[in-house]
$ cat model.txt   # compact mmCIF, C-alpha atoms
# COMPACT_ATOMS: atom_id res chain seq x y z
CA MET A 1196 0.00 0.00 0.00
CA ALA A 1197 1.39 3.42 -0.98
CA GLN A 1198 2.34 5.74 1.85
CA LYS A 1199 0.01 8.72 2.15
CA SER A 1200 1.79 11.85 0.95
CA VAL A 1201 1.22 15.48 1.86
CA TYR A 1202 0.95 18.04 -0.94
CA THR A 1203 3.90 20.28 -0.13
CA HIS A 1204 2.56 23.49 -1.69
CA GLY A 1205 -1.04 23.34 -0.47
CA HIS A 1206 -3.65 25.64 -2.02
CA HIS A 1207 -2.81 29.07 -0.65
CA GLU A 1208 -3.89 31.88 -2.96
CA SER A 1209 -0.25 32.55 -3.91
CA VAL A 1210 0.11 28.92 -5.01
CA LEU A 1211 -3.08 28.89 -7.08
CA ARG A 1212 -2.07 32.18 -8.69
CA THR A 1213 1.14 30.53 -9.87
CA HIS A 1214 -0.61 27.37 -11.04
CA SER A 1215 -3.18 29.41 -12.97
CA TRP A 1216 -0.36 30.71 -15.19
CA ARG A 1217 0.19 27.21 -16.59
CA THR A 1218 -0.98 26.42 -20.10
CA VAL A 1219 -0.56 23.57 -22.55
CA GLU A 1220 1.91 25.73 -24.44
CA ASN A 1221 4.20 26.47 -21.49
CA SER A 1222 3.70 23.25 -19.52
CA ALA A 1223 2.67 20.43 -21.90
CA ALA A 1224 4.08 21.40 -25.30
CA TYR A 1225 5.79 17.98 -25.57
CA LEU A 1226 2.30 16.44 -25.86
CA LEU A 1227 0.81 18.79 -28.45
CA LYS A 1228 1.78 16.86 -31.60
CA SER A 1229 0.15 13.71 -30.21
CA LEU A 1230 -3.29 15.23 -29.63
CA GLN A 1231 -6.17 14.64 -32.04
CA PRO A 1232 -9.59 16.37 -32.05
CA HIS A 1233 -11.57 13.25 -31.04
CA MET A 1234 -9.48 12.25 -28.03
CA HIS A 1235 -10.70 11.65 -24.49
CA ILE A 1236 -8.19 12.91 -21.92
CA LEU A 1237 -7.80 12.42 -18.18
CA ASP A 1238 -5.83 15.24 -16.55
CA ILE A 1239 -4.80 14.09 -13.06
CA GLY A 1240 -3.86 16.71 -10.48
CA CYS A 1241 -5.54 19.40 -12.57
CA GLY A 1242 -5.57 22.09 -9.86
CA PRO A 1243 -7.26 25.30 -11.07
CA GLY A 1244 -7.83 23.73 -14.48
CA THR A 1245 -5.96 26.02 -16.85
CA ILE A 1246 -4.10 23.20 -18.62
CA THR A 1247 -7.27 21.10 -18.56
CA ALA A 1248 -9.30 23.81 -20.28
CA ASP A 1249 -6.58 24.18 -22.91
CA PHE A 1250 -6.77 20.45 -23.60
CA ALA A 1251 -10.54 20.70 -24.06
CA LYS A 1252 -10.15 23.35 -26.76
CA LEU A 1253 -7.68 21.12 -28.57
CA VAL A 1254 -10.06 18.11 -28.64
CA PRO A 1255 -13.37 19.73 -29.73
CA GLN A 1256 -14.89 16.37 -30.77
CA GLY A 1257 -13.53 14.68 -27.65
CA HIS A 1258 -13.80 15.20 -23.90
CA VAL A 1259 -11.49 16.09 -21.01
CA THR A 1260 -11.86 15.09 -17.37
CA GLY A 1261 -9.87 17.05 -14.80
CA MET A 1262 -9.23 15.22 -11.55
CA ASP A 1263 -7.81 16.46 -8.26
CA SER A 1264 -7.75 15.19 -4.70
CA ALA A 1265 -8.77 18.62 -3.34
CA PRO A 1266 -12.49 19.39 -3.84
CA ASP A 1267 -12.15 23.13 -3.21
CA VAL A 1268 -9.71 23.76 -6.05
CA LEU A 1269 -12.11 22.09 -8.48
CA GLU A 1270 -14.58 24.93 -7.97
CA GLN A 1271 -11.97 27.27 -9.39
CA ALA A 1272 -11.33 24.80 -12.23
CA ARG A 1273 -15.03 24.75 -13.14
CA ALA A 1274 -15.07 28.56 -13.09
CA THR A 1275 -12.03 28.62 -15.39
CA ALA A 1276 -13.77 26.35 -17.92
CA LYS A 1277 -16.96 28.42 -17.79
CA GLU A 1278 -15.07 31.69 -18.28
CA ARG A 1279 -13.36 30.24 -21.36
CA GLY A 1280 -16.57 28.88 -22.81
CA VAL A 1281 -15.36 25.28 -22.67
CA TYR A 1282 -18.09 22.66 -22.25
CA ASN A 1283 -16.57 19.31 -23.33
CA ILE A 1284 -15.06 19.06 -19.88
CA ASP A 1285 -15.86 17.86 -16.37
CA PHE A 1286 -14.05 17.81 -13.03
CA VAL A 1287 -14.02 15.08 -10.38
CA VAL A 1288 -12.38 14.30 -7.07
CA GLY A 1289 -10.18 11.23 -7.31
CA ASP A 1290 -7.16 9.23 -6.17
CA ILE A 1291 -4.29 8.60 -8.60
CA TYR A 1292 -3.68 5.21 -6.97
CA ALA A 1293 -7.29 4.06 -7.45
CA LEU A 1294 -8.85 5.65 -10.54
CA GLU A 1295 -12.58 5.02 -10.70
CA TYR A 1296 -12.65 4.14 -14.40
CA PRO A 1297 -12.70 0.85 -16.31
CA ASP A 1298 -9.64 -0.40 -18.15
CA ASP A 1299 -8.98 1.20 -21.56
CA THR A 1300 -11.08 4.34 -20.99
CA PHE A 1301 -8.90 7.27 -22.12
CA ASP A 1302 -6.77 8.11 -25.15
CA VAL A 1303 -4.43 10.22 -23.04
CA VAL A 1304 -3.76 10.20 -19.29
CA HIS A 1305 -1.71 13.22 -18.23
CA VAL A 1306 0.01 14.51 -15.11
CA HIS A 1307 1.99 17.68 -14.55
CA GLN A 1308 3.87 18.23 -11.29
CA VAL A 1309 2.06 15.34 -9.60
CA LEU A 1310 4.44 12.37 -9.40
CA CYS A 1311 6.98 14.54 -7.56
CA HIS A 1312 4.52 14.91 -4.68
CA ILE A 1313 3.57 11.27 -4.10
CA SER A 1314 5.33 8.39 -2.37
CA ASP A 1315 4.81 5.69 -5.02
CA PRO A 1316 5.05 7.12 -8.55
CA VAL A 1317 5.55 3.64 -10.03
CA LYS A 1318 2.20 2.49 -8.65
CA ALA A 1319 0.60 5.65 -10.03
CA LEU A 1320 2.09 5.04 -13.49
CA ASN A 1321 0.71 1.51 -13.43
CA GLU A 1322 -2.76 2.79 -12.61
CA MET A 1323 -2.53 5.47 -15.30
CA ARG A 1324 -1.68 2.79 -17.86
CA ARG A 1325 -4.63 0.64 -16.76
CA VAL A 1326 -7.17 3.27 -17.75
CA THR A 1327 -5.41 4.16 -21.02
CA LYS A 1328 -6.58 2.58 -24.28
CA GLN A 1329 -4.28 0.36 -26.29
CA GLY A 1330 -2.30 2.70 -28.54
CA GLY A 1331 -3.00 5.60 -26.18
CA ILE A 1332 -0.55 7.77 -24.28
CA VAL A 1333 0.52 8.18 -20.67
CA ALA A 1334 2.21 11.58 -20.35
CA ALA A 1335 4.10 13.10 -17.43
CA ARG A 1336 6.10 16.28 -16.89
CA GLU A 1337 7.87 16.79 -13.57
CA CYS A 1338 10.34 19.36 -12.27
CA ASP A 1339 13.88 18.58 -11.17
CA PHE A 1340 14.52 20.93 -8.29
CA ALA A 1341 18.23 20.18 -7.89
CA ALA A 1342 18.75 21.27 -11.51
CA THR A 1343 17.22 24.70 -10.91
CA ALA A 1344 19.58 27.52 -11.90
CA TRP A 1345 19.60 31.26 -11.32
CA TYR A 1346 21.66 34.43 -11.54
CA PRO A 1347 23.05 36.34 -9.73
CA GLU A 1348 24.24 33.95 -7.04
CA ASN A 1349 22.47 34.32 -3.73
CA GLN A 1350 23.16 32.08 -0.74
CA ALA A 1351 19.62 32.47 0.58
CA LEU A 1352 18.21 31.09 -2.69
CA SER A 1353 20.61 28.14 -2.39
CA ASP A 1354 19.27 27.66 1.13
CA PHE A 1355 15.75 27.73 -0.33
CA ILE A 1356 16.55 24.85 -2.71
CA HIS A 1357 17.88 22.77 0.18
CA LEU A 1358 14.89 23.69 2.35
CA TYR A 1359 12.44 22.72 -0.38
CA ASP A 1360 14.23 19.39 -0.85
CA ARG A 1361 13.96 18.57 2.85
CA VAL A 1362 10.31 19.61 3.15
CA SER A 1363 9.31 17.72 0.01
CA ARG A 1364 11.00 14.52 1.17
CA SER A 1365 9.52 14.85 4.67
CA ASN A 1366 6.09 14.99 2.99
CA GLY A 1367 6.74 11.80 1.02
CA GLY A 1368 7.69 13.44 -2.28
CA GLU A 1369 10.66 13.36 -4.66
CA PRO A 1370 11.78 16.90 -5.61
CA ASN A 1371 14.09 15.61 -8.36
CA ALA A 1372 11.38 13.60 -10.10
CA GLY A 1373 12.18 14.91 -13.58
CA ARG A 1374 15.40 12.90 -13.96
CA GLN A 1375 13.70 9.72 -12.72
CA LEU A 1376 10.65 9.60 -14.99
CA LEU A 1377 12.20 7.20 -17.50
CA ALA A 1378 13.38 4.88 -14.72
CA TRP A 1379 9.97 4.93 -13.04
CA ALA A 1380 8.22 4.13 -16.32
CA ARG A 1381 10.52 1.16 -16.89
CA GLN A 1382 9.94 -0.04 -13.31
CA ALA A 1383 6.22 0.17 -14.01
CA GLY A 1384 6.69 -2.19 -16.94
CA TYR A 1385 6.35 0.20 -19.87
CA ASP A 1386 8.07 -0.89 -23.08
CA LYS A 1387 11.22 1.25 -23.33
CA THR A 1388 10.99 1.27 -27.12
CA LYS A 1389 7.64 3.04 -26.78
CA ILE A 1390 8.83 5.73 -24.35
CA THR A 1391 9.92 9.16 -25.56
CA SER A 1392 11.94 10.97 -22.89
CA THR A 1393 12.60 14.71 -23.24
CA ALA A 1394 13.26 17.82 -21.17
CA SER A 1395 12.21 21.47 -21.22
CA ALA A 1396 12.39 24.45 -18.90
CA TRP A 1397 10.53 27.42 -17.57
CA CYS A 1398 12.69 30.53 -17.74
CA TYR A 1399 12.07 33.94 -16.15
CA SER A 1400 14.20 36.96 -17.02
CA THR A 1401 12.12 39.98 -18.06
CA PRO A 1402 11.12 42.51 -15.38
CA GLU A 1403 7.52 41.29 -15.59
CA GLU A 1404 8.53 37.62 -15.33
CA ARG A 1405 10.86 38.30 -12.41
CA ALA A 1406 8.20 40.29 -10.58
CA TRP A 1407 5.66 37.51 -11.03
CA TRP A 1408 7.90 34.49 -10.28
CA GLY A 1409 10.01 36.05 -7.54
CA GLY A 1410 7.04 37.80 -6.00
CA SER A 1411 5.02 34.61 -5.84
CA TRP A 1412 7.83 32.71 -4.11
CA ALA A 1413 8.50 35.58 -1.73
CA GLU A 1414 4.92 35.12 -0.58
CA ARG A 1415 4.74 31.34 -0.78
CA VAL A 1416 7.84 30.75 1.32
CA VAL A 1417 6.24 32.50 4.30
CA SER A 1418 2.50 31.93 3.74
CA SER A 1419 1.83 28.57 2.07
CA SER A 1420 1.79 24.99 3.34
CA LEU A 1421 5.49 24.82 2.46
CA ALA A 1422 6.20 27.35 5.22
CA GLU A 1423 3.95 25.54 7.67
CA SER A 1424 5.65 22.19 7.01
CA ALA A 1425 9.11 23.74 7.30
CA VAL A 1426 8.40 25.29 10.69
CA LYS A 1427 6.45 22.34 12.13
CA GLY A 1428 9.13 19.92 10.94
CA GLY A 1429 11.94 21.90 12.50
CA ILE A 1430 13.50 22.43 9.07
CA ALA A 1431 13.44 26.24 9.23
CA SER A 1432 12.38 28.98 11.61
CA LYS A 1433 10.02 31.78 10.67
CA GLY A 1434 13.03 34.10 10.74
CA GLU A 1435 14.90 31.93 8.25
CA LEU A 1436 11.88 31.83 5.97
CA ALA A 1437 11.63 35.63 6.16
CA ARG A 1438 15.28 35.87 5.10
CA ILE A 1439 14.59 33.66 2.07
CA SER A 1440 11.51 35.70 1.21
CA GLU A 1441 13.61 38.85 1.26
CA ALA A 1442 16.16 37.16 -1.03
CA TRP A 1443 13.41 36.45 -3.55
CA GLN A 1444 12.40 40.09 -3.47
CA GLN A 1445 16.03 41.13 -3.99
CA TRP A 1446 16.37 38.77 -6.96
CA THR A 1447 13.21 40.23 -8.48
CA ALA A 1448 14.84 43.67 -8.51
CA GLU A 1449 18.03 42.47 -10.22
CA GLU A 1450 18.22 43.85 -13.77
CA ASP A 1451 20.26 40.82 -14.83
CA GLY A 1452 18.11 38.37 -12.86
CA TRP A 1453 17.51 35.01 -14.55
CA PHE A 1454 15.87 31.84 -13.23
CA ALA A 1455 15.27 28.48 -14.93
CA VAL A 1456 13.39 25.38 -13.78
CA LEU A 1457 14.26 22.15 -15.60
CA HIS A 1458 11.55 19.53 -16.22
CA GLY A 1459 11.76 15.93 -17.33
CA GLU A 1460 9.04 14.61 -19.66
CA ILE A 1461 7.87 11.21 -20.82
CA LEU A 1462 5.38 10.08 -23.47
CA CYS A 1463 4.59 6.38 -23.06
CA ARG A 1464 2.65 4.54 -25.76
CA VAL A 1465 0.48 1.84 -24.27

$ encode --input "model.txt" --output "structure tokens"
Amino acid sequence: MAQKSVYTHGHHESVLRTHSWRTVENSAAYLLKSLQPHMHILDIGCGPGTITADFAKLVPQGHVTGMDSAPDVLEQARATAKERGVYNIDFVVGDIYALEYPDDTFDVVHVHQVLCHISDPVKALNEMRRVTKQGGIVAARECDFAATAWYPENQALSDFIHLYDRVSRSNGGEPNAGRQLLAWARQAGYDKTKITSTASAWCYSTPEERAWWGGSWAERVVSSSLAESAVKGGIASKGELARISEAWQQWTAEEDGWFAVLHGEILCRV
């Protein structure tokens, strides 16, 4: 039985604001060429539903189901779909380890930043394959926190990376999931000859991008579930978190500021 994991980020407003920036173009471009208008897609860990709604527009003769373990965030997802005029879509509460669908239900089963937060990604990949049709696709994109890079150097941001690693692992996650996706898929029994493994990155360097990315983390590191877990777990004090928050604000103001987040990706043909 998979160990119960804790979602490190939680659903603080600052977290949802960041997640609402995500689109198929900036977070699932590796999957675009595989999509066809008639497809039925399951988007697991959909959060506020911005990627999910994008999928629905790309499969006008198909259907998309967004699934999340947190009921409250699905209300925002439904509002997102309604605002965009997307109707070939629905949202459900569910468990990635026990999907309530028959075998061979979906053409595509997708996760983004989900496997990094759970204790048994191999079990999850097995369950994702079960509900995917023969010839369909299991797709995953996960960050690799240790491969994060930024400029200029700042010791407090280095401390942040180490803090995030410790909090994530204490919650049952794997912060460097991106580099392990191929290995996990093979452990789950996927045919290696039918796996396409790639990588891509988010990059923030313009004043607007720095203000948005740095500002969101300056808030998240002191206000979200990450902060709560760090303090309760004895990983960092509130004072240390405040110092990291200030470092994010300083980085935001750097004219030469640059930040990149590497992601691993896999497309697995079933």

$ closest_residue --input "model.txt" --among "A:His1305, A:Trp1443, A:Arg1381, A:Ala1341" --to "Leu1227 of chain A" --atoms "all atoms listed in the file"
A:His1305

$ atom_distance --input "model.txt" --atom1 "atom CA of Ile1236 of chain A" --atom2 "atom CA of Phe1340 of chain A"
27.7 Å

$ closest_atom_pairs --input "model.txt" --of "segment 1392-1449 of chain A" --to "segment 1351-1363 of chain A" --cutoff "12 Å" --atoms "all atoms listed in the file" --output "tab-separated table"
residue	atom	partner	partner_atom	distance
A:Gly1409	CA	A:Leu1352	CA	10.7
A:Trp1412	CA	A:Phe1355	CA	10.1
A:Ala1413	CA	A:Leu1352	CA	10.7
A:Arg1415	CA	A:Tyr1359	CA	11.6
A:Val1416	CA	A:Phe1355	CA	8.6
A:Val1417	CA	A:Phe1355	CA	11.6
A:Ser1420	CA	A:Val1362	CA	10.1
A:Leu1421	CA	A:Val1362	CA	7.1
A:Ala1422	CA	A:Val1362	CA	9.0
A:Glu1423	CA	A:Val1362	CA	9.8
A:Ser1424	CA	A:Val1362	CA	6.6
A:Ala1425	CA	A:Val1362	CA	6.0
A:Val1426	CA	A:Val1362	CA	9.6
A:Lys1427	CA	A:Val1362	CA	10.1
A:Gly1428	CA	A:Val1362	CA	7.9
A:Gly1429	CA	A:Val1362	CA	9.8
A:Ile1430	CA	A:Leu1358	CA	7.0
A:Ala1431	CA	A:Leu1358	CA	7.5
A:Ser1432	CA	A:Leu1358	CA	11.0
A:Glu1435	CA	A:Ala1351	CA	9.0
A:Leu1436	CA	A:Phe1355	CA	8.5
A:Ala1437	CA	A:Ala1351	CA	10.2
A:Arg1438	CA	A:Ala1351	CA	7.1
A:Ile1439	CA	A:Ala1351	CA	5.4
A:Ser1440	CA	A:Ala1351	CA	8.8
A:Glu1441	CA	A:Ala1351	CA	8.8
A:Ala1442	CA	A:Ala1351	CA	6.0
A:Trp1443	CA	A:Leu1352	CA	7.2
A:Gln1444	CA	A:Leu1352	CA	10.7
A:Gln1445	CA	A:Leu1352	CA	10.4
A:Trp1446	CA	A:Leu1352	CA	9.0
A:Thr1447	CA	A:Leu1352	CA	11.9

$ atom_distance --input "model.txt" --atom1 "atom CA of Leu1294 of chain A" --atom2 "atom CA of Ile1246 of chain A"
19.9 Å

$ closest_residue --input "model.txt" --among "A:Asp1302, A:Glu1450, A:Glu1220, A:Glu1403" --to "Cys1463 of chain A" --atoms "all atoms listed in the file"
A:Asp1302

$ residues_near_point --input "model.txt" --point "(0.5, 21.4, -18.0)" --cutoff "10 Å" --atoms "only C-alpha atoms" --output "list in words"
His1214, Trp1216, Arg1217, Thr1218, Val1219, Glu1220, Asn1221, Ser1222, Ala1223, Ala1224, Tyr1225, Leu1226, Asp1238, Gly1240, Cys1241, Gly1244, Thr1245, Ile1246, Thr1247, Asp1249, Phe1250, His1305, Val1306, His1307, Gln1308, Ala1335, Arg1336 and Glu1337 of chain A
